[in-house]
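Engineer: Okay, so here is structure_24.cif, and as you'll see once you scroll down, it has mmCIF, C-alpha atoms and all ligand atoms.
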```cif
data_final
#
loop_
_atom_site.label_atom_id
_atom_site.label_comp_id
_atom_site.auth_asym_id
_atom_site.auth_seq_id
_atom_site.Cartn_x
_atom_site.Cartn_y
_atom_site.Cartn_z
CA MET Y 1 8.76 -27.97 11.49
CA GLN Y 2 7.59 -26.70 8.12
CA SER Y 3 9.28 -23.54 6.92
CA ILE Y 4 9.36 -21.33 3.85
CA SER Y 5 12.54 -19.73 2.58
CA MET Y 6 11.96 -16.86 0.19
CA THR Y 7 13.68 -13.88 -1.40
CA SER Y 8 13.47 -10.85 0.91
CA PRO Y 9 10.21 -8.97 0.30
CA ASP Y 10 9.50 -5.26 -0.15
CA ASP Y 11 6.45 -3.22 0.82
CA TRP Y 12 5.21 -1.16 -2.13
CA HIS Y 13 2.75 0.98 -0.13
CA LEU Y 14 3.46 2.13 3.42
CA HIS Y 15 2.62 4.98 5.80
CA LEU Y 16 5.46 5.72 8.22
CA ARG Y 17 4.28 9.10 9.60
CA ASP Y 18 6.89 11.21 11.39
CA GLY Y 19 8.47 11.94 14.79
CA ALA Y 20 7.66 9.57 17.65
CA ILE Y 21 5.22 7.51 15.57
CA LEU Y 22 7.84 6.99 12.87
CA SER Y 23 10.29 5.83 15.54
CA ALA Y 24 7.74 3.37 16.90
CA VAL Y 25 6.53 1.82 13.65
CA LEU Y 26 9.67 1.78 11.50
CA PRO Y 27 11.38 -1.19 13.22
CA HIS Y 28 8.41 -3.43 12.36
CA THR Y 29 8.84 -2.75 8.65
CA VAL Y 30 12.65 -2.82 8.69
CA ASN Y 31 12.46 -6.22 10.36
CA GLN Y 32 10.69 -7.82 7.40
CA PHE Y 33 11.25 -5.67 4.33
CA ARG Y 34 14.32 -4.44 2.47
CA ARG Y 35 12.56 -1.52 0.79
CA ALA Y 36 9.27 0.32 1.12
CA VAL Y 37 7.41 2.92 -0.90
CA VAL Y 38 6.71 5.67 1.62
CA MET Y 39 3.44 7.56 1.27
CA PRO Y 40 3.66 11.38 1.26
CA ASN Y 41 0.44 12.20 3.16
CA LEU Y 42 2.01 13.78 6.22
CA PRO Y 43 -0.07 16.55 7.86
CA ARG Y 44 2.05 18.92 5.78
CA PRO Y 45 2.26 16.81 2.62
CA VAL Y 46 5.54 15.94 0.94
CA THR Y 47 5.19 18.09 -2.18
CA SER Y 48 8.77 19.11 -3.04
CA ILE Y 49 12.00 17.27 -3.65
CA ALA Y 50 13.52 19.04 -0.65
CA ASP Y 51 10.64 17.82 1.56
CA ALA Y 52 11.11 14.26 0.31
CA LEU Y 53 14.86 14.31 0.88
CA CYS Y 54 14.48 15.67 4.43
CA TYR Y 55 11.77 13.13 5.23
CA ARG Y 56 13.95 10.36 3.80
CA GLU Y 57 16.78 11.51 6.05
CA ARG Y 58 14.53 11.43 9.13
CA ILE Y 59 13.59 7.85 8.25
CA ILE Y 60 17.17 6.76 7.62
CA GLN Y 61 18.31 8.23 10.94
CA ARG Y 62 15.87 5.93 12.71
CA ILE Y 63 16.91 2.66 11.06
CA GLN Y 64 18.35 0.36 13.72
CA PRO Y 65 22.15 -0.03 13.43
CA GLY Y 66 23.20 -2.96 11.28
CA ARG Y 67 19.90 -3.05 9.36
CA GLU Y 68 19.67 -2.43 5.65
CA PHE Y 69 16.53 -0.68 4.55
CA GLN Y 70 15.79 1.65 1.67
CA PRO Y 71 12.89 4.11 1.84
CA LEU Y 72 11.58 4.83 -1.67
CA MET Y 73 10.02 8.28 -1.59
CA THR Y 74 6.89 9.59 -3.30
CA LEU Y 75 5.70 13.12 -3.98
CA TYR Y 76 2.16 14.28 -3.31
CA LEU Y 77 0.33 15.71 -6.31
CA THR Y 78 -1.61 18.93 -5.82
CA ASP Y 79 -3.35 21.33 -8.17
CA ALA Y 80 -0.15 23.37 -8.05
CA THR Y 81 2.28 20.60 -9.05
CA THR Y 82 4.17 21.52 -12.21
CA PRO Y 83 5.60 19.46 -15.09
CA GLU Y 84 8.98 21.01 -14.14
CA LEU Y 85 8.79 19.32 -10.74
CA VAL Y 86 8.07 16.00 -12.45
CA LYS Y 87 11.17 16.56 -14.55
CA GLU Y 88 13.32 17.37 -11.53
CA ALA Y 89 11.98 14.35 -9.66
CA SER Y 90 12.71 12.06 -12.60
CA LYS Y 91 16.39 12.92 -12.24
CA THR Y 92 16.43 12.08 -8.54
CA ASP Y 93 17.19 8.46 -7.70
CA CYS Y 94 15.33 8.37 -4.41
CA ILE Y 95 11.91 9.49 -5.71
CA ILE Y 96 10.03 6.55 -7.12
CA GLY Y 97 6.76 8.15 -8.18
CA PHE Y 98 3.96 10.65 -7.62
CA LYS Y 99 0.91 9.89 -5.51
CA LEU Y 100 -2.51 11.09 -6.58
CA TYR Y 101 -4.99 11.60 -3.76
CA PRO Y 102 -8.32 13.02 -4.87
CA ALA Y 103 -8.85 15.94 -2.43
CA GLY Y 104 -10.80 14.74 0.58
CA ALA Y 105 -10.60 11.03 -0.26
CA THR Y 106 -8.71 9.97 2.87
CA THR Y 107 -6.34 10.92 5.72
CA ASN Y 108 -4.41 14.15 5.03
CA SER Y 109 -5.69 14.43 1.50
CA SER Y 110 -7.23 17.91 1.69
CA SER Y 111 -4.38 19.36 -0.41
CA GLY Y 112 -4.81 16.62 -3.00
CA VAL Y 113 -6.02 16.99 -6.57
CA SER Y 114 -9.42 18.63 -6.85
CA ASP Y 115 -10.25 17.07 -10.23
CA PRO Y 116 -8.20 14.16 -11.62
CA ASP Y 117 -9.40 15.07 -15.13
CA ARG Y 118 -7.78 18.50 -14.94
CA ILE Y 119 -4.16 17.46 -14.54
CA TYR Y 120 -3.59 15.83 -17.92
CA TYR Y 121 -0.48 18.04 -18.36
CA LEU Y 122 1.01 16.21 -15.37
CA TYR Y 123 0.10 12.75 -16.70
CA GLU Y 124 1.78 13.81 -19.93
CA ALA Y 125 4.97 14.75 -18.08
CA LEU Y 126 4.91 11.56 -16.00
CA GLU Y 127 4.42 9.46 -19.13
CA LYS Y 128 7.14 11.26 -21.08
CA LEU Y 129 9.66 10.95 -18.25
CA ASP Y 130 8.53 7.43 -17.37
CA VAL Y 131 7.74 8.25 -13.74
CA PRO Y 132 5.10 5.98 -12.15
CA LEU Y 133 1.75 7.41 -11.03
CA LEU Y 134 0.38 5.89 -7.82
CA ILE Y 135 -3.35 6.39 -7.40
CA HIS Y 136 -5.75 6.37 -4.49
CA ALA Y 137 -8.56 5.35 -6.79
CA GLU Y 138 -11.75 6.59 -5.14
CA VAL Y 139 -14.12 9.36 -6.13
CA THR Y 140 -15.05 11.85 -3.43
CA ASP Y 141 -18.52 12.62 -4.79
CA PRO Y 142 -20.82 12.37 -1.75
CA GLN Y 143 -23.60 11.16 -4.07
CA ILE Y 144 -21.65 7.97 -4.65
CA ASP Y 145 -22.09 5.24 -2.06
CA ILE Y 146 -18.84 4.71 -0.14
CA PHE Y 147 -18.70 1.06 -1.24
CA ASP Y 148 -18.86 2.10 -4.92
CA ARG Y 149 -16.24 4.84 -4.89
CA GLU Y 150 -13.42 2.74 -6.33
CA LYS Y 151 -15.57 1.38 -9.15
CA ALA Y 152 -16.75 4.94 -9.94
CA PHE Y 153 -13.18 6.26 -10.02
CA ILE Y 154 -12.25 3.63 -12.57
CA SER Y 155 -15.16 4.38 -14.88
CA ARG Y 156 -15.14 8.17 -14.43
CA HIS Y 157 -11.40 8.83 -14.49
CA LEU Y 158 -8.98 5.95 -14.68
CA ALA Y 159 -10.23 4.32 -17.87
CA GLU Y 160 -9.76 7.62 -19.71
CA ILE Y 161 -6.34 8.30 -18.20
CA VAL Y 162 -5.16 4.84 -19.24
CA ARG Y 163 -6.57 5.36 -22.75
CA ASN Y 164 -4.99 8.78 -23.18
CA PHE Y 165 -1.56 7.91 -21.83
CA PRO Y 166 -0.71 4.49 -23.22
CA LYS Y 167 2.81 4.42 -21.81
CA LEU Y 168 2.14 5.90 -18.36
CA ARG Y 169 2.96 3.39 -15.63
CA ILE Y 170 0.15 3.34 -13.08
CA VAL Y 171 -0.34 1.57 -9.77
CA LEU Y 172 -3.93 1.32 -8.63
CA GLU Y 173 -3.11 1.34 -4.93
CA HIS Y 174 -4.86 -0.93 -2.44
CA ALA Y 175 -7.34 -2.40 -4.90
CA THR Y 176 -10.48 -3.51 -3.09
CA THR Y 177 -13.00 -4.65 -5.70
CA GLU Y 178 -13.61 -7.27 -8.33
CA ASP Y 179 -14.03 -4.34 -10.72
CA ALA Y 180 -10.49 -3.11 -10.01
CA VAL Y 181 -9.07 -6.61 -10.49
CA GLN Y 182 -10.88 -6.95 -13.80
CA PHE Y 183 -9.76 -3.50 -14.94
CA VAL Y 184 -6.11 -4.10 -14.12
CA GLU Y 185 -6.17 -7.55 -15.73
CA ASP Y 186 -7.56 -6.05 -18.92
CA CYS Y 187 -4.88 -3.34 -19.14
CA SER Y 188 -1.40 -3.74 -20.58
CA PRO Y 189 1.44 -4.70 -18.18
CA ARG Y 190 2.18 -1.05 -17.36
CA VAL Y 191 -0.92 -0.95 -15.11
CA ALA Y 192 -0.57 -2.80 -11.80
CA ALA Y 193 -2.20 -2.90 -8.37
CA THR Y 194 -1.09 -3.34 -4.78
CA LEU Y 195 -3.12 -5.48 -2.40
CA THR Y 196 -3.31 -5.14 1.39
CA PRO Y 197 -3.51 -7.98 3.92
CA GLN Y 198 -6.79 -6.73 5.39
CA HIS Y 199 -8.57 -6.76 2.03
CA LEU Y 200 -7.37 -10.33 1.41
CA LEU Y 201 -8.39 -11.55 4.87
CA TYR Y 202 -11.63 -9.77 5.69
CA ASN Y 203 -14.87 -8.66 4.14
CA ARG Y 204 -16.99 -5.76 5.39
CA ASN Y 205 -18.88 -7.89 7.93
CA ILE Y 206 -15.89 -7.62 10.28
CA LEU Y 207 -16.61 -3.89 10.63
CA PHE Y 208 -19.87 -4.64 12.42
CA SER Y 209 -19.25 -8.00 14.07
CA GLY Y 210 -20.95 -7.69 17.46
CA GLY Y 211 -20.47 -3.90 17.47
CA ILE Y 212 -18.54 -1.28 15.53
CA ARG Y 213 -14.89 -2.26 14.98
CA PRO Y 214 -12.78 0.84 14.34
CA HIS Y 215 -9.52 -1.07 14.04
CA HIS Y 216 -10.78 -2.70 10.84
CA TYR Y 217 -11.77 0.60 9.30
CA CYS Y 218 -9.56 1.74 6.46
CA LEU Y 219 -10.01 3.45 3.10
CA PRO Y 220 -10.95 2.19 0.65
CA VAL Y 221 -13.30 0.47 3.10
CA LEU Y 222 -13.54 -3.35 3.20
CA LYS Y 223 -15.99 -4.70 0.65
CA ARG Y 224 -18.31 -7.71 0.17
CA GLU Y 225 -17.06 -11.29 0.21
CA ARG Y 226 -17.14 -11.61 -3.58
CA HIS Y 227 -14.65 -8.75 -3.83
CA ARG Y 228 -12.36 -10.29 -1.21
CA LYS Y 229 -12.41 -13.54 -3.18
CA ALA Y 230 -11.54 -11.75 -6.42
CA LEU Y 231 -8.61 -9.98 -4.74
CA LEU Y 232 -7.33 -13.22 -3.24
CA ARG Y 233 -7.65 -14.93 -6.60
CA ALA Y 234 -5.61 -12.13 -8.20
CA ALA Y 235 -2.96 -12.20 -5.45
CA THR Y 236 -2.50 -15.95 -5.74
CA SER Y 237 -2.71 -16.18 -9.53
CA GLY Y 238 0.97 -15.55 -10.26
CA ASN Y 239 -0.07 -12.52 -12.35
CA PRO Y 240 2.79 -10.00 -11.94
CA LYS Y 241 0.38 -7.07 -12.06
CA PHE Y 242 -0.62 -7.74 -8.46
CA PHE Y 243 1.93 -7.25 -5.72
CA LEU Y 244 2.37 -6.58 -2.02
CA GLY Y 245 1.58 -3.17 -0.54
CA THR Y 246 0.52 -3.34 3.10
CA ASP Y 247 -0.92 0.18 3.36
CA SER Y 248 0.04 -0.16 7.02
CA ALA Y 249 -1.42 3.11 8.34
CA PRO Y 250 -0.77 3.71 12.04
CA HIS Y 251 -3.19 5.71 14.17
CA SER Y 252 -3.13 5.70 17.96
CA ILE Y 253 -5.89 4.01 19.97
CA SER Y 254 -7.42 7.39 20.82
CA GLN Y 255 -7.52 8.41 17.15
CA LYS Y 256 -9.24 5.14 16.22
CA GLU Y 257 -11.61 4.69 19.17
CA SER Y 258 -13.37 7.99 18.75
CA ALA Y 259 -16.73 9.37 17.61
CA CYS Y 260 -15.00 10.08 14.29
CA GLY Y 261 -12.22 7.51 14.11
CA CYS Y 262 -9.39 7.70 11.58
CA ALA Y 263 -9.12 5.34 8.61
CA GLY Y 264 -6.19 2.94 8.56
CA CYS Y 265 -5.16 -0.52 9.70
CA PHE Y 266 -1.75 -1.10 11.26
CA THR Y 267 -0.31 -4.25 9.67
CA ALA Y 268 3.47 -3.79 9.78
CA HIS Y 269 3.77 -5.88 12.98
CA ALA Y 270 2.96 -9.09 11.09
CA ALA Y 271 2.79 -8.12 7.45
CA LEU Y 272 4.28 -11.21 5.86
CA GLU Y 273 2.56 -13.58 8.30
CA LEU Y 274 -0.84 -12.03 7.51
CA TYR Y 275 -0.29 -12.50 3.78
CA ALA Y 276 0.98 -16.06 4.39
CA GLU Y 277 -2.22 -16.81 6.31
CA ALA Y 278 -4.39 -15.53 3.44
CA PHE Y 279 -2.40 -17.42 0.78
CA GLU Y 280 -2.29 -20.66 2.77
CA ARG Y 281 -6.04 -20.67 3.36
CA VAL Y 282 -6.54 -21.07 -0.39
CA GLY Y 283 -3.68 -23.54 -0.76
CA ALA Y 284 -1.48 -21.08 -2.63
CA ILE Y 285 1.48 -20.44 -0.34
CA GLU Y 286 3.88 -21.15 -3.21
CA TYR Y 287 2.66 -17.95 -4.89
CA LEU Y 288 3.70 -15.76 -1.95
CA GLU Y 289 7.29 -15.19 -3.07
CA GLY Y 290 6.38 -13.79 -6.49
CA PHE Y 291 3.75 -11.51 -4.96
CA ALA Y 292 5.94 -10.31 -2.08
CA SER Y 293 9.41 -10.26 -3.61
CA PHE Y 294 9.44 -10.32 -7.43
CA TYR Y 295 6.58 -8.47 -9.11
CA GLY Y 296 7.00 -5.15 -7.23
CA PRO Y 297 10.66 -4.62 -8.16
CA ASP Y 298 9.95 -5.88 -11.68
CA PHE Y 299 7.20 -3.27 -12.14
CA TYR Y 300 9.37 -0.46 -10.75
CA ARG Y 301 12.38 -1.74 -12.74
CA LEU Y 302 14.51 -2.21 -9.66
CA PRO Y 303 16.65 -5.25 -8.93
CA ARG Y 304 15.04 -8.03 -6.93
CA ASN Y 305 16.56 -8.53 -3.48
CA THR Y 306 19.20 -11.21 -3.31
CA ASP Y 307 19.08 -12.18 0.36
CA ARG Y 308 16.41 -14.38 1.87
CA VAL Y 309 14.00 -14.59 4.78
CA THR Y 310 12.33 -17.51 6.53
CA LEU Y 311 8.79 -18.06 7.75
CA GLN Y 312 8.19 -20.97 10.12
CA GLN Y 313 4.95 -22.74 10.72
CA LYS Y 314 4.69 -21.93 14.40
CA ASN Y 315 1.59 -20.47 16.04
CA TRP Y 316 1.82 -17.15 17.82
CA THR Y 317 -0.70 -14.69 19.18
CA ILE Y 318 -0.73 -11.10 17.97
CA PRO Y 319 -0.40 -8.73 20.97
CA GLU Y 320 -3.43 -6.64 21.95
CA SER Y 321 -1.38 -3.50 21.40
CA TYR Y 322 2.08 -2.09 20.72
CA PRO Y 323 3.63 1.12 22.10
CA LEU Y 324 3.25 4.22 19.91
CA GLY Y 325 5.10 7.21 21.35
CA ASN Y 326 3.24 8.12 24.55
CA GLU Y 327 0.24 6.10 23.41
CA SER Y 328 -0.39 2.68 21.98
CA ILE Y 329 -1.68 1.16 18.78
CA VAL Y 330 -3.97 -1.79 18.16
CA PRO Y 331 -2.56 -3.96 15.37
CA LEU Y 332 -4.67 -5.80 12.80
CA GLY Y 333 -5.66 -9.17 14.23
CA ALA Y 334 -4.99 -8.13 17.86
CA GLY Y 335 -5.34 -11.13 20.19
CA GLN Y 336 -5.66 -13.58 17.30
CA GLN Y 337 -3.48 -16.52 16.47
CA LEU Y 338 -1.38 -16.69 13.32
CA ARG Y 339 0.01 -19.92 11.91
CA TRP Y 340 3.22 -18.46 10.48
CA THR Y 341 6.07 -16.81 12.35
CA PHE Y 342 8.60 -14.57 10.64
CA SER Y 343 11.94 -15.88 11.80
CA GLY Y 344 14.21 -13.34 10.18
CA ARG Y 345 16.80 -12.91 7.48
CA GLU Y 346 18.90 -15.86 6.49
CA SER Y 347 22.60 -15.21 6.85
O1 LIG S 401 -7.07 3.75 5.53
C1 LIG S 401 -6.28 4.55 5.05
N1 LIG S 401 -5.37 5.18 5.82
N2 LIG S 401 -6.32 4.81 3.74
C2 LIG S 401 -5.58 5.77 3.19
O2 LIG S 401 -5.72 5.99 2.00
C3 LIG S 401 -4.70 6.62 4.02
C4 LIG S 401 -4.32 5.95 5.24
C5 LIG S 401 -3.70 6.86 6.29
O3 LIG S 401 -2.82 7.64 5.92
O4 LIG S 401 -4.08 6.78 7.44
ZN ZN S 402 -2.18 4.24 1.93
#
```
Would you mind writing the file out in structure tokens?
Ligand code: DOR
Ligand code: ZN

Structural biologist:
Amino acid sequence: MQSISMTSPDDWHLHLRDGAILSAVLPHTVNQFRRAVVMPNLPRPVTSIADALCYRERIIQRIQPGREFQPLMTLYLTDATTPELVKEASKTDCIIGFKLYPAGATTNSSSGVSDPDRIYYLYEALEKLDVPLLIHAEVTDPQIDIFDREKAFISRHLAEIVRNFPKLRIVLEHATTEDAVQFVEDCSPRVAATLTPQHLLYNRNILFSGGIRPHHYCLPVLKRERHRKALLRAATSGNPKFFLGTDSAPHSISQKESACGCAGCFTAHAALELYAEAFERVGAIEYLEGFASFYGPDFYRLPRNTDRVTLQQKNWTIPESYPLGNESIVPLGAGQQLRWTFSGRES
């Protein structure tokens, strides 16, 4: 049987939620990843160091005994965030960066930044203290077509931010367009992007295949095939600016299958297998290790993991659902067959 042995991977963009949902989804991530960057968009956002430390503690308490897993915390930028907070956070080992959500761009983003051009004093502090800025790069302008919101964010805001703060380390989170790939490629190495499995595997047609498909709806929304191809090319190019960030974003079945369903795909159940599928389809499986295990820690200046995991070429079928507290959740690819099986950590 064919198998792949690789350095243990990390997830550089993850939503874990809280309470019963956290308990239900965390084991999936801990099973495959050694570390994960935890998004701060809880219903009451993680805006202070105390919030982040308490949230980190709630996560750590739920790690299964005998498992090693490190949550890397982020703070949520608001109009009220101060340069002093950036300074305090820079001294704290467990906070890895600040997340910029334009207000209203996505789930739990209403307390986000109302104008990304008006917080240059914060970019200055982040740059000076060398704290990474993680960006949900979409404009919220209702005049802009939803499929163009990433491209518009780059031209309206990001290009200027990058120009004005030449040392600021930036992650364009969950890049979804050819334009984002091009932009990141053209920047210096301090600008990187995470890529999700759904944006590598699907284009926007899946959202309407035979009916409306809420479990494939996430933000930024899936784009045209040419964008998917550009993302897959970037992921499998060996360019260290592009690395793994699942954006696994759990919402219960009732939250998804609704007249106004939530954005987010749950991918933690088969994260590495989904990426392996995408990479293998273009004959680039040998590029998976760099993407999943090297370029993320290199960007964040953390040590690479030293232990290893194995994937085996063995078909399995993704369950139709998983338990989620008192409810259930439909995972990405429910009912579909995958060619690779995660067979655990090597001892
Ligand atoms: O689809 C998404 N879901 N995109 C985001 O930016 C947020 C996330 C969530 O928290 O549900
Ligand atoms: Zn996200």

Engineer: If I take atom CA of Pro166 of chain Y and atom CA of Thr106 of chain Y, how far is one from the other in Å, to one decimal?

Structural biologist: 27.8 Å

Engineer: Give the residue list for ligand ZN 402 (chain S) at 8 Å, counting only C-alpha atoms and all ligand atoms, as an mmCIF file with C-alpha atoms, keeping the file's coordinate frame, sorted by chain and then by residue number.

Structural biologist:
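Result file follows (out.cif):
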```
data_model
loop_
_atom_site.group_PDB
_atom_site.id
_atom_site.type_symbol
_atom_site.label_atom_id
_atom_site.label_comp_id
_atom_site.auth_asym_id
_atom_site.auth_seq_id
_atom_site.Cartn_x
_atom_site.Cartn_y
_atom_site.Cartn_z
ATOM 1 C CA HIS Y 13 2.750 0.980 -0.130
ATOM 2 C CA LEU Y 14 3.460 2.130 3.420
ATOM 3 C CA HIS Y 15 2.620 4.980 5.800
ATOM 4 C CA MET Y 39 3.440 7.560 1.270
ATOM 5 C CA HIS Y 136 -5.750 6.370 -4.490
ATOM 6 C CA GLU Y 173 -3.110 1.340 -4.930
ATOM 7 C CA HIS Y 174 -4.860 -0.930 -2.440
ATOM 8 C CA LEU Y 219 -10.010 3.450 3.100
ATOM 9 C CA ASP Y 247 -0.920 0.180 3.360
ATOM 10 C CA SER Y 248 0.040 -0.160 7.020
ATOM 11 C CA ALA Y 249 -1.420 3.110 8.340
ATOM 12 C CA GLY Y 264 -6.190 2.940 8.560
#
```

Engineer: I'd like the contact shell of Gln70 of chain Y - 8 Å cut-off, all atoms listed in the file, skipping same-chain residues fewer than 3 positions apart - returned as a ChimeraX atom specification.

Structural biologist: /Y:34-36,60

Engineer: As an exercise, work out the distance from atom CA of Glu68 of chain Y to atom CA of Val131 of chain Y in Å and give it to one decimal place.

Structural biologist: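 Rounded to one decimal, the two atoms are 25.1 Å apart.
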
Engineer: Under the rule that all atoms listed in the file are counted, which of Y:Val171, Y:Ala105, Y:Ala159, Y:Val184 is the nearest residue to ligand LIG 401 (chain S)?

Structural biologist: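 Going through Y:Val171, Y:Ala105, Y:Ala159, Y:Val184 one by one, the smallest distance to ligand LIG 401 (chain S) is for Y:Ala105.
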
Engineer: To one decimal place, how far is atom CA of Leu85 of chain Y from atom CA of Asn164 of chain Y in Å?

Structural biologist: 21.3 Å
